[in-house]
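Chemist: Input structure: my_file-v4.txt, which contains compact mmCIF, C-alpha atoms and all ligand atoms.
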# COMPACT_ATOMS: atom_id res chain seq x y z
CA MET A 19 -20.17 -13.05 28.34
CA ILE A 20 -20.60 -9.88 26.29
CA ARG A 21 -19.34 -10.36 22.79
CA GLY A 22 -20.32 -8.59 19.64
CA ARG A 23 -19.78 -11.65 17.53
CA PRO A 24 -21.14 -11.39 14.01
CA GLY A 25 -24.84 -12.12 14.17
CA VAL A 26 -25.15 -11.48 17.91
CA ALA A 27 -27.57 -8.63 18.51
CA LEU A 28 -26.75 -5.95 21.05
CA GLY A 29 -29.87 -6.85 23.03
CA SER A 30 -28.68 -10.42 23.53
CA MET A 31 -25.29 -9.09 24.65
CA GLY A 32 -27.07 -7.40 27.54
CA VAL A 33 -26.35 -3.99 26.01
CA SER A 34 -29.33 -1.76 25.28
CA GLU A 35 -27.71 1.67 25.35
CA PHE A 36 -24.20 2.69 24.48
CA ARG A 37 -22.33 5.81 23.60
CA VAL A 38 -19.49 4.62 21.40
CA ASP A 39 -19.50 1.68 18.97
CA LEU A 40 -15.97 0.46 18.28
CA ARG A 41 -16.93 -3.08 17.23
CA SER A 42 -16.24 -2.67 13.53
CA ASP A 43 -16.26 -0.29 10.59
CA THR A 44 -19.10 -2.46 9.24
CA VAL A 45 -21.51 -0.64 11.59
CA THR A 46 -21.33 2.47 9.39
CA ARG A 47 -24.61 3.49 7.77
CA PRO A 48 -25.03 4.72 4.19
CA THR A 49 -24.61 8.47 3.78
CA GLN A 50 -27.33 10.78 2.46
CA ALA A 51 -25.53 10.93 -0.90
CA MET A 52 -25.63 7.13 -1.05
CA ARG A 53 -29.32 7.01 -0.20
CA ARG A 54 -30.06 9.52 -2.96
CA ALA A 55 -27.95 7.58 -5.47
CA MET A 56 -29.71 4.36 -4.49
CA ALA A 57 -33.13 5.90 -4.96
CA GLU A 58 -32.19 7.17 -8.42
CA ALA A 59 -30.12 4.20 -9.60
CA GLU A 60 -30.60 2.94 -13.12
CA VAL A 61 -31.07 -0.83 -12.85
CA GLY A 62 -31.56 -3.98 -14.90
CA ASP A 63 -31.23 -7.74 -14.47
CA ASP A 64 -27.56 -8.19 -13.61
CA LEU A 65 -27.57 -11.91 -14.35
CA TYR A 66 -28.23 -10.94 -17.98
CA GLY A 67 -25.45 -8.34 -17.70
CA GLU A 68 -28.09 -5.60 -17.98
CA ASP A 69 -27.55 -3.53 -14.84
CA PRO A 70 -25.61 -0.44 -15.96
CA THR A 71 -24.91 0.71 -12.40
CA VAL A 72 -23.34 -2.63 -11.45
CA SER A 73 -21.25 -2.56 -14.63
CA ARG A 74 -20.02 0.94 -13.76
CA LEU A 75 -19.07 -0.11 -10.23
CA GLU A 76 -17.21 -3.20 -11.48
CA ALA A 77 -15.35 -1.15 -14.09
CA LEU A 78 -14.44 1.63 -11.64
CA TYR A 79 -13.10 -0.79 -9.04
CA ALA A 80 -11.15 -2.75 -11.66
CA GLU A 81 -9.57 0.51 -12.82
CA MET A 82 -8.72 1.62 -9.27
CA VAL A 83 -6.94 -1.67 -8.54
CA GLY A 84 -5.31 -1.94 -11.97
CA LYS A 85 -7.12 -5.08 -13.16
CA GLU A 86 -9.04 -5.87 -16.35
CA ALA A 87 -12.43 -6.68 -14.85
CA GLY A 88 -14.49 -6.72 -11.67
CA LEU A 89 -17.36 -8.69 -10.14
CA PHE A 90 -19.84 -7.29 -7.61
CA VAL A 91 -20.69 -9.79 -4.85
CA PRO A 92 -22.77 -9.60 -1.67
CA SER A 93 -19.96 -9.90 0.88
CA GLY A 94 -16.22 -9.95 1.49
CA VAL A 95 -16.41 -13.58 2.56
CA MET A 96 -18.07 -14.48 -0.73
CA ALA A 97 -15.44 -12.55 -2.69
CA ASN A 98 -12.67 -14.52 -0.96
CA GLN A 99 -14.49 -17.83 -1.33
CA ILE A 100 -15.11 -17.23 -5.04
CA ALA A 101 -11.45 -16.31 -5.52
CA ILE A 102 -10.32 -19.48 -3.77
CA ARG A 103 -12.76 -21.65 -5.75
CA THR A 104 -11.65 -20.05 -9.00
CA HIS A 105 -7.88 -20.30 -8.41
CA THR A 106 -7.65 -23.75 -6.81
CA ARG A 107 -8.72 -27.33 -7.26
CA PRO A 108 -10.12 -29.60 -4.54
CA GLY A 109 -7.50 -31.42 -2.49
CA SER A 110 -4.87 -28.73 -2.93
CA PHE A 111 -3.25 -26.43 -0.38
CA VAL A 112 -3.42 -22.67 0.06
CA VAL A 113 -0.64 -20.79 1.86
CA ALA A 114 -2.03 -18.05 4.11
CA GLY A 115 -1.20 -16.24 7.34
CA ARG A 116 -2.39 -18.08 10.45
CA SER A 117 -4.69 -15.28 11.62
CA GLN A 118 -6.08 -14.16 8.26
CA HIS A 119 -9.81 -13.74 7.71
CA VAL A 120 -9.93 -16.60 5.17
CA VAL A 121 -8.36 -18.94 7.72
CA VAL A 122 -10.10 -17.97 10.97
CA PHE A 123 -13.27 -16.01 10.28
CA GLU A 124 -14.92 -17.55 7.21
CA TYR A 125 -16.74 -20.40 8.92
CA GLY A 126 -14.24 -22.94 7.55
CA GLY A 127 -15.84 -22.14 4.20
CA SER A 128 -12.79 -22.82 2.03
CA ALA A 129 -12.82 -26.51 3.02
CA ARG A 130 -16.47 -26.85 2.01
CA ASN A 131 -16.66 -24.42 -0.88
CA ALA A 132 -13.36 -25.23 -2.55
CA GLY A 133 -12.21 -28.48 -0.86
CA VAL A 134 -8.83 -26.92 -0.04
CA GLN A 135 -6.67 -27.08 3.05
CA PHE A 136 -4.70 -24.15 4.44
CA MET A 137 -0.97 -24.40 5.03
CA THR A 138 -0.69 -21.57 7.53
CA VAL A 139 2.37 -19.46 8.28
CA ASP A 140 3.23 -16.97 11.02
CA ASP A 141 1.66 -13.58 10.28
CA SER A 142 1.79 -12.11 13.79
CA SER A 143 3.82 -9.15 12.49
CA GLY A 144 1.06 -8.36 9.98
CA SER A 145 2.76 -9.98 7.01
CA PHE A 146 4.99 -12.91 6.06
CA GLY A 147 7.91 -13.40 3.73
CA SER A 148 9.47 -15.66 1.15
CA ALA A 149 11.01 -17.86 3.88
CA GLU A 150 7.53 -18.81 5.11
CA VAL A 151 6.28 -19.51 1.59
CA GLN A 152 9.40 -21.57 0.83
CA GLU A 153 9.00 -23.51 4.07
CA ALA A 154 5.39 -24.33 3.21
CA ARG A 155 6.45 -25.34 -0.31
CA SER A 156 9.17 -27.67 0.85
CA ALA A 157 7.01 -29.26 3.58
CA LEU A 158 4.32 -30.00 1.00
CA GLY A 159 6.90 -31.03 -1.59
CA TYR A 160 7.88 -34.00 0.58
CA TYR A 161 4.68 -35.82 -0.44
CA GLU A 162 4.24 -33.83 -3.61
CA ALA A 163 1.04 -32.33 -2.21
CA PRO A 164 -0.30 -29.79 -4.68
CA LEU A 165 -0.10 -26.15 -3.70
CA SER A 166 -2.48 -23.94 -5.65
CA LEU A 167 -2.60 -20.42 -4.17
CA VAL A 168 -0.94 -17.90 -1.87
CA CYS A 169 -3.32 -15.59 -0.04
CA VAL A 170 -2.39 -12.33 1.70
CA GLU A 171 -4.51 -9.85 3.69
CA ASN A 172 -3.91 -6.12 3.27
CA THR A 173 -4.56 -4.33 5.51
CA HIS A 174 -4.00 -7.17 7.94
CA MET A 175 -6.83 -6.94 10.44
CA PRO A 176 -5.66 -9.07 13.43
CA SER A 177 -2.31 -7.30 13.73
CA GLY A 178 -4.13 -3.95 14.03
CA GLY A 179 -4.73 -2.99 10.39
CA ARG A 180 -1.07 -3.23 9.37
CA VAL A 181 -0.13 -2.33 5.81
CA TRP A 182 2.05 -4.64 3.71
CA SER A 183 5.09 -2.88 2.29
CA LEU A 184 5.59 -3.04 -1.48
CA GLU A 185 8.90 -4.84 -0.84
CA ALA A 186 7.17 -7.55 1.23
CA LEU A 187 4.55 -7.98 -1.47
CA ALA A 188 7.21 -8.23 -4.19
CA GLU A 189 8.94 -10.90 -2.11
CA ILE A 190 5.70 -12.92 -1.93
CA ARG A 191 5.26 -12.58 -5.68
CA ARG A 192 8.77 -13.97 -6.23
CA ALA A 193 8.30 -16.79 -3.72
CA ALA A 194 4.93 -17.75 -5.21
CA GLY A 195 6.58 -18.27 -8.62
CA ASP A 196 3.91 -19.46 -11.01
CA LEU A 197 1.28 -19.89 -8.28
CA PRO A 198 -1.49 -17.29 -8.27
CA VAL A 199 -1.64 -14.73 -5.43
CA HIS A 200 -4.99 -13.53 -4.04
CA MET A 201 -5.16 -10.35 -1.98
CA ASP A 202 -7.91 -10.04 0.62
CA GLY A 203 -8.01 -6.27 0.42
CA ALA A 204 -11.21 -5.85 2.41
CA ARG A 205 -9.56 -2.61 3.63
CA LEU A 206 -7.22 -2.03 0.68
CA PHE A 207 -8.18 1.65 0.48
CA ASN A 208 -7.12 2.13 4.11
CA ALA A 209 -3.73 0.82 2.96
CA GLN A 210 -3.72 3.29 0.06
CA VAL A 211 -4.54 6.25 2.29
CA ALA A 212 -2.05 5.25 5.00
CA SER A 213 0.85 4.57 2.65
CA GLY A 214 0.15 7.06 -0.12
CA VAL A 215 0.67 4.21 -2.59
CA PRO A 216 -2.18 3.84 -5.14
CA ALA A 217 -4.30 0.71 -4.69
CA ALA A 218 -3.33 -0.40 -8.21
CA ASP A 219 0.36 -0.46 -7.25
CA ILE A 220 -0.37 -2.32 -4.01
CA ALA A 221 -2.46 -4.90 -5.85
CA ALA A 222 -0.06 -5.22 -8.79
CA VAL A 223 1.53 -8.38 -7.38
CA ALA A 224 -1.85 -10.09 -7.01
CA ASP A 225 -3.68 -12.08 -9.67
CA SER A 226 -6.92 -11.26 -7.90
CA VAL A 227 -7.92 -8.72 -5.28
CA MET A 228 -11.13 -7.97 -3.43
CA SER A 229 -12.29 -4.96 -1.42
CA CYS A 230 -15.39 -4.24 0.64
CA VAL A 231 -17.41 -1.08 0.09
CA SER A 232 -19.46 -2.00 3.17
CA LYS A 233 -16.75 -1.29 5.76
CA GLY A 234 -15.05 2.08 6.28
CA LEU A 235 -16.42 3.30 2.93
CA CYS A 236 -19.97 3.19 4.41
CA ALA A 237 -21.98 1.47 1.67
CA PRO A 238 -24.67 -0.78 3.10
CA VAL A 239 -23.70 -3.97 1.24
CA GLY A 240 -21.11 -5.36 -1.08
CA SER A 241 -17.61 -6.24 -2.14
CA ILE A 242 -15.93 -6.35 -5.51
CA LEU A 243 -13.50 -8.96 -6.77
CA ALA A 244 -11.13 -8.05 -9.60
CA GLY A 245 -8.65 -9.81 -11.84
CA SER A 246 -8.03 -10.63 -15.48
CA ARG A 247 -11.03 -10.79 -17.81
CA GLU A 248 -10.63 -14.54 -18.05
CA PHE A 249 -10.43 -14.92 -14.24
CA ILE A 250 -13.56 -12.82 -13.70
CA GLN A 251 -15.46 -14.80 -16.28
CA ARG A 252 -14.74 -17.98 -14.33
CA ALA A 253 -15.38 -16.18 -11.01
CA ARG A 254 -18.82 -15.12 -12.29
CA TYR A 255 -19.65 -18.78 -12.79
CA GLU A 256 -18.40 -19.63 -9.28
CA ARG A 257 -20.52 -16.80 -7.84
CA GLY A 258 -23.52 -18.56 -9.36
CA VAL A 259 -22.48 -21.88 -7.84
CA LEU A 260 -22.51 -20.22 -4.41
CA GLY A 261 -25.91 -18.63 -5.11
CA GLY A 262 -24.47 -15.14 -5.18
CA GLN A 263 -26.00 -13.95 -8.45
CA MET A 264 -28.17 -10.87 -8.03
CA ARG A 265 -30.77 -9.06 -10.14
CA GLN A 266 -31.63 -5.31 -10.01
CA VAL A 267 -28.69 -4.84 -7.70
CA GLY A 268 -27.70 -1.48 -9.17
CA ILE A 269 -29.66 -0.15 -6.24
CA LEU A 270 -26.76 -1.33 -4.04
CA ALA A 271 -23.99 -0.75 -6.57
CA ALA A 272 -25.06 2.91 -6.66
CA ALA A 273 -24.02 3.26 -3.02
CA GLY A 274 -20.77 1.42 -3.83
CA LEU A 275 -20.01 3.97 -6.55
CA VAL A 276 -20.47 6.86 -4.11
CA ALA A 277 -18.24 4.94 -1.66
CA LEU A 278 -15.37 4.55 -4.15
CA GLN A 279 -15.76 8.05 -5.59
CA THR A 280 -16.12 10.08 -2.40
CA MET A 281 -15.32 8.12 0.75
CA VAL A 282 -11.72 6.95 0.27
CA ASP A 283 -9.75 10.05 1.23
CA ARG A 284 -11.69 10.61 4.44
CA LEU A 285 -10.39 7.27 5.79
CA ALA A 286 -7.46 9.38 7.03
CA GLU A 287 -9.79 10.71 9.77
CA ASP A 288 -10.46 7.16 10.96
CA HIS A 289 -6.71 6.53 11.10
CA GLU A 290 -6.18 9.67 13.16
CA ARG A 291 -8.90 8.59 15.59
CA ALA A 292 -7.34 5.15 15.95
CA ARG A 293 -4.12 6.90 17.01
CA VAL A 294 -6.05 8.73 19.75
CA LEU A 295 -7.40 5.42 21.07
CA ALA A 296 -4.00 3.74 20.77
CA GLU A 297 -2.40 6.40 22.96
CA ALA A 298 -4.91 5.59 25.69
CA VAL A 299 -4.35 1.84 25.28
CA ASN A 300 -0.57 2.32 25.45
CA GLU A 301 -0.90 4.39 28.60
CA ARG A 302 -3.26 2.01 30.34
CA PHE A 303 -1.81 -1.30 29.06
CA PRO A 304 1.84 -0.58 28.17
CA GLY A 305 3.36 -3.12 25.78
CA SER A 306 -0.03 -4.69 24.92
CA MET A 307 0.13 -3.54 21.30
CA GLY A 308 3.51 -5.15 20.68
CA GLU A 309 6.38 -3.42 18.96
CA ARG A 310 4.26 -1.11 16.78
CA GLN A 311 2.42 1.22 19.15
CA THR A 312 0.96 3.57 16.58
CA PRO A 313 -1.71 2.10 14.35
CA GLU A 314 -1.19 2.66 10.63
CA THR A 315 -4.91 2.53 9.81
CA ASN A 316 -8.25 2.30 11.64
CA ILE A 317 -7.76 -0.72 13.91
CA VAL A 318 -6.27 -0.87 17.39
CA ALA A 319 -5.56 -4.48 18.39
CA PHE A 320 -3.97 -5.34 21.72
CA ASP A 321 -3.42 -8.26 24.06
CA HIS A 322 -5.30 -8.55 27.31
CA PRO A 323 -5.45 -11.47 29.76
CA ASP A 324 -9.23 -11.33 30.25
CA VAL A 325 -10.97 -9.96 27.19
CA ASP A 326 -14.43 -10.92 28.44
CA ALA A 327 -14.04 -8.90 31.65
CA LEU A 328 -12.58 -6.01 29.66
CA THR A 329 -15.49 -6.14 27.19
CA ARG A 330 -17.99 -6.08 30.06
CA THR A 331 -16.27 -3.19 31.82
CA LEU A 332 -16.10 -1.14 28.63
CA ALA A 333 -19.76 -1.89 27.83
CA ALA A 334 -20.83 -0.81 31.31
CA ALA A 335 -19.23 2.56 30.52
CA GLY A 336 -21.04 2.71 27.16
CA VAL A 337 -18.10 1.67 24.96
CA ILE A 338 -18.70 -1.47 22.95
CA ALA A 339 -15.87 -3.40 21.31
CA ASN A 340 -15.11 -6.94 20.15
CA PRO A 341 -12.46 -9.38 21.25
CA ILE A 342 -10.91 -11.15 18.23
CA GLY A 343 -9.33 -13.98 20.20
CA ASN A 344 -9.01 -15.35 23.72
CA ARG A 345 -6.48 -12.73 24.65
CA ARG A 346 -6.84 -10.17 21.90
CA MET A 347 -9.06 -7.09 21.89
CA ARG A 348 -9.97 -4.87 18.94
CA LEU A 349 -11.17 -1.27 18.64
CA VAL A 350 -12.18 -0.05 15.18
CA THR A 351 -12.73 3.58 14.19
CA HIS A 352 -15.07 4.71 11.44
CA HIS A 353 -17.16 7.45 9.82
CA ASP A 354 -20.13 7.17 12.23
CA LEU A 355 -18.09 8.29 15.26
CA THR A 356 -17.61 11.84 16.45
CA ASP A 357 -14.38 13.23 17.89
CA ASP A 358 -16.17 13.61 21.22
CA GLN A 359 -17.06 9.92 21.24
CA VAL A 360 -13.47 8.97 20.50
CA GLU A 361 -12.20 11.27 23.28
CA TYR A 362 -14.77 9.76 25.64
CA ALA A 363 -13.69 6.19 24.78
CA ALA A 364 -10.03 7.16 25.28
CA LYS A 365 -10.91 8.60 28.69
CA VAL A 366 -12.77 5.41 29.66
CA ILE A 367 -9.77 3.28 28.60
CA ARG A 368 -7.33 5.46 30.58
CA GLY A 369 -9.57 5.22 33.65
CA LEU A 370 -10.03 1.41 33.57
CA ASP A 371 -8.93 0.06 36.91
CA GLU A 372 -9.24 -3.61 37.58
CA ALA A 373 -9.67 -4.75 33.94
C1 LIG A 401 -9.87 -8.81 6.26
C2 LIG A 401 -11.29 -9.17 6.01
N1 LIG A 401 -11.59 -9.93 4.95
C3 LIG A 401 -12.85 -10.27 4.67
C4 LIG A 401 -13.90 -9.85 5.47
C5 LIG A 401 -15.31 -10.29 5.14
O1 LIG A 401 -16.17 -9.27 4.79
P1 LIG A 401 -17.77 -9.44 4.93
O2 LIG A 401 -18.10 -9.20 6.36
O3 LIG A 401 -18.33 -8.42 4.00
O4 LIG A 401 -18.13 -10.82 4.50
C6 LIG A 401 -13.64 -9.07 6.60
C7 LIG A 401 -14.77 -8.63 7.45
O5 LIG A 401 -14.64 -8.09 8.49
C8 LIG A 401 -12.30 -8.72 6.89
O6 LIG A 401 -11.98 -8.00 7.95
I'd like the structure from this file rewritten - as structure tokens, please.
Ligand SMILES: Cc1ncc(COP(=O)(O)O)c(C=O)c1O
Modeler:
Amino acid sequence: MIRGRPGVALGSMGVSEFRVDLRSDTVTRPTQAMRRAMAEAEVGDDLYGEDPTVSRLEALYAEMVGKEAGLFVPSGVMANQIAIRTHTRPGSFVVAGRSQHVVVFEYGGSARNAGVQFMTVDDSSGSFGSAEVQEARSALGYYEAPLSLVCVENTHMPSGGRVWSLEALAEIRRAAGDLPVHMDGARLFNAQVASGVPAADIAAVADSVMSCVSKGLCAPVGSILAGSREFIQRARYERGVLGGQMRQVGILAAAGLVALQTMVDRLAEDHERARVLAEAVNERFPGSMGERQTPETNIVAFDHPDVDALTRTLAAAGVIANPIGNRRMRLVTHHDLTDDQVEYAAKVIRGLDEA
């Protein structure tokens, strides 16, 4: 089986050479400008609050998403886990979409790190509505089980990077009532670029929001969590509980600053490239992308009856990609691709025969 699961090296997948890497936007490498900024970064011990570069990154992100304060953390998973620990109490429930990253791809961490249980709702369209939140509330209300958080993912990766509409988000805010809402905005800036709506407006309904600078924005490491000053103060403590405190980490925050300052607008190129790949997928596997055949952002997700065979066939042609489920395949576009590589991958997909 050839799968680019997180942590599985290409060598052990039986792939030594390839031409196009569509596994994830996390494969992007830091740009020259980032490397220069890292080399020159002013640093200090961040646990003492003395790293000026980290403080600048946290403040910039908080401003971009319209929140009072930010917290730099090593990964998107840790940002989500800290948010869940900070908002909830053990033994309570969290409403989230069935296929969201926090539910499926975080190693079951929320159960161990926060002692919570997910009440999952249908998110196959890329979002969910007040009816789903109400249903979860009334099911839990039967035994008076405590509900402590609603969690949304924007863009929504498994549906193919779909963007939540502002109306859908406002509906969730209303349905959540006095419960906090956390937004997993790992790719929030893809949503901003695709919709033309500023990240701060998208995140306005959320009490906390996190984004990764390590994905399409090309920084080597890091995510930032933002919320009210009081929330971030508590989140900082929870980061320590998880062992996520860092020291002269301005060296990484410097790359994050370049990412937020210079790499957001170019995400439009990734979206355009995803459309090129989607055309090929639609031609070769009509109907496999569901009702929405044009990706809004940088992810093409489609159904296929044998994702392992498809992965092998693509890899043999030098195109590597990840399945994200037993019958679901994913192609992700990013900065480190060329137009020629994308055209080549589209040609390979069109020419697939038995897969
Ligand atoms: C939607 C979403 N949330 C969170 C994460 C976690 O980010 P990280 O890999 O930095 O832990 C990912 C990673 O792919 C993601 O796609």
Chemist: Residues within 6 Å of ligand LIG 401 (chain A), counting only C-alpha atoms and all ligand atoms: report them as a list in words.
Modeler: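 Going residue by residue within 6 Å of ligand LIG 401 (chain A), we get Ser93, Gly94, Val95, His119, Met175, Asp202 and Ala204 of chain A.
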Chemist: Ser229 of chain A: which residues within 6 Å, counting all atoms listed in the file, same-chain residues fewer than 2 positions away excluded, as a list of chain:residue names?
Modeler: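 Final neighbour list, sorted by chain and number: A:Gly203, A:Ala204, A:Ser241, A:Ile242.
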Chemist: The residues within 12 Å of (-23.2, -11.9, -4.5), using all atoms listed in the file and the coordinates of the file, should be reported as a ChimeraX atom specification; which are they?
Modeler: /A:64-65,72,89-100,239-243,253-265,267,270-271
Chemist: Would you compute the distance between atom CA of Asp141 of chain A and atom CA of Leu165 of chain A? Give it in Å to one decimal.
Modeler: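 Between atom CA of Asp141 of chain A and atom CA of Leu165 of chain A the gap is 18.9 Å.
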Chemist: Report as a list in words all protein, DNA and RNA residues lying within 8 Å of segment 180-183 of chain A, evaluated on all atoms listed in the file, omitting residues in the same chain fewer than 5 positions from it.
Modeler: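 Within the cut-off, the hits are Gly144, Ser145, Asn172, Thr173, His174, Met175, Ala209, Ala212, Ser213, Pro313, Glu314 and Thr315 of chain A.
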Chemist: In Å, how far is it from atom CA of Arg310 of chain A to atom CA of Ala286 of chain A?
Modeler: 18.5 Å
Chemist: Give, as JSON, the centre coordinates and the x, y and z edge lengths in Å to one decimal for an axis-aligned box around all listed atoms of segment 286-290 of chain A, padded by 3 Å on each side.
Modeler:
{"center_x": -8.3, "center_y": 8.6, "center_z": 10.1, "size_x": 10.3, "size_y": 10.2, "size_z": 12.1}
Chemist: List every protein, DNA or RNA residue that has at least one atom no more than 10 Å from (-6.1, 9.6, 20.9) in the file's coordinates, counting only C-alpha atoms, and write the result as JSON, numbers by chain.
Modeler: {"A": [290, 291, 292, 293, 294, 295, 296, 297, 298, 299, 357, 360, 361, 362, 363, 364, 365]}
Chemist: Work out how far apart atom CA of Asp283 of chain A and atom CA of Met201 of chain A are and give it in Å to one decimal.
Modeler: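 Interatomic distance here is 21.2 Å.
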Chemist: Just checking: using all atoms listed in the file, which residue out of A:Ala186, A:Ile317, A:Gly62, A:Ile338 ends up closest to Glu150 of chain A?
Modeler: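 For Glu150 of chain A, the nearest of the given residues is A:Ala186.
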Chemist: Neighbouring residues of Phe303 of chain A were defined as those with any atom within 12 Å, considering only C-alpha atoms; residues of the same chain fewer than 2 positions away were excluded. Please report them as a list in words.
Modeler: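 Once the adjacent positions are removed, what remains is Leu295, Ala296, Glu297, Ala298, Val299, Asn300, Glu301, Gly305, Ser306, Met307, Gly308, Gln311, Ala319, Phe320, Asp321, His322, Pro323, Leu328, Met347, Ile367, Arg368, Gly369, Leu370, Asp371, Glu372 and Ala373 of chain A.
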Chemist: Near segment 233-238 of chain A, counting all atoms listed in the file, which residues have an atom at most 6 Å away, once you skip same-chain residues fewer than 3 positions from it, shown as a ChimeraX atom specification?
Modeler: /A:43-44,46-48,273-274,277,281,352
Chemist: Which is closest to Leu355 of chain A among A:Arg205, A:Arg41, A:Arg330, A:His105, if we use all atoms listed in the file?
Modeler: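 Looking at the shortest contact to Leu355 of chain A, the residue is A:Arg41.
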Chemist: Which of these residues is nearest to Tyr79 of chain A, using all atoms listed in the file: A:Arg54, A:Val227, A:Ile342, A:Asp324?
Modeler: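 Nearest to Tyr79 of chain A: A:Val227.
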Chemist: Rank nothing, just name the residue among A:Ala194, A:Leu187, A:Leu275, A:Ala77 nearest to Arg155 of chain A, using only C-alpha atoms.
Modeler: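 Answer, going by the shortest atom-to-atom distance: A:Ala194.
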Chemist: Could you pull the residues within 8 Å of Val276 of chain A, counting only C-alpha atoms, minus those fewer than 3 positions along the same chain, as a list in words?
Modeler: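 Counting only the stated atoms, we get Ala51, Met52, Ala55, Ala272, Ala273, Gln279, Thr280 and Met281 of chain A.
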Chemist: Quick one: of A:Val168, A:Ser142, A:Arg284, A:Glu153, who's nearest to Glu309 of chain A, counting only C-alpha atoms?
Modeler: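 Ranked by minimum distance to Glu309 of chain A, first place goes to A:Ser142.
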Chemist: Using all atoms listed in the file, find the one residue out of A:Glu60, A:Glu287, A:Glu171, A:Glu81 that sits nearest to Thr351 of chain A.
Modeler: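 Smallest distance to Thr351 of chain A is found for A:Glu287.
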Chemist: Once you've located segment 251-263 of chain A in the structure I gave, write it as a tab-separated table (two decimals), in the first residue's frame, keeping N, CA and C atoms.
Modeler:
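The new file part-v8.tsv reads:
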chain	number	residue	atom	x	y	z
A	251	GLN	N	-4.61	34.24	27.79
A	251	GLN	CA	-3.85	34.05	29.03
A	251	GLN	C	-4.03	32.62	29.55
A	252	ARG	N	-5.26	32.14	29.50
A	252	ARG	CA	-5.52	30.76	29.96
A	252	ARG	C	-4.92	29.76	28.97
A	253	ALA	N	-5.00	30.10	27.67
A	253	ALA	CA	-4.47	29.20	26.64
A	253	ALA	C	-2.95	29.05	26.79
A	254	ARG	N	-2.29	30.14	27.19
A	254	ARG	CA	-0.83	30.11	27.39
A	254	ARG	C	-0.49	29.08	28.48
A	255	TYR	N	-1.31	29.07	29.52
A	255	TYR	CA	-1.09	28.08	30.58
A	255	TYR	C	-1.28	26.67	30.03
A	256	GLU	N	-2.36	26.48	29.23
A	256	GLU	CA	-2.63	25.14	28.69
A	256	GLU	C	-1.54	24.71	27.71
A	257	ARG	N	-0.95	25.66	26.99
A	257	ARG	CA	0.18	25.32	26.11
A	257	ARG	C	1.32	24.73	26.96
A	258	GLY	N	1.54	25.31	28.13
A	258	GLY	CA	2.58	24.80	29.02
A	258	GLY	C	2.25	23.39	29.49
A	259	VAL	N	0.98	23.15	29.81
A	259	VAL	CA	0.57	21.82	30.27
A	259	VAL	C	0.89	20.77	29.20
A	260	LEU	N	0.72	21.15	27.94
A	260	LEU	CA	1.00	20.21	26.84
A	260	LEU	C	2.47	20.20	26.44
A	261	GLY	N	3.29	20.97	27.13
A	261	GLY	CA	4.73	21.00	26.83
A	261	GLY	C	5.06	21.81	25.59
A	262	GLY	N	4.18	22.74	25.25
A	262	GLY	CA	4.38	23.48	24.00
A	262	GLY	C	5.06	24.82	24.17
A	263	GLN	N	5.57	25.11	25.38
A	263	GLN	CA	6.27	26.39	25.54
A	263	GLN	C	7.60	26.33	24.79
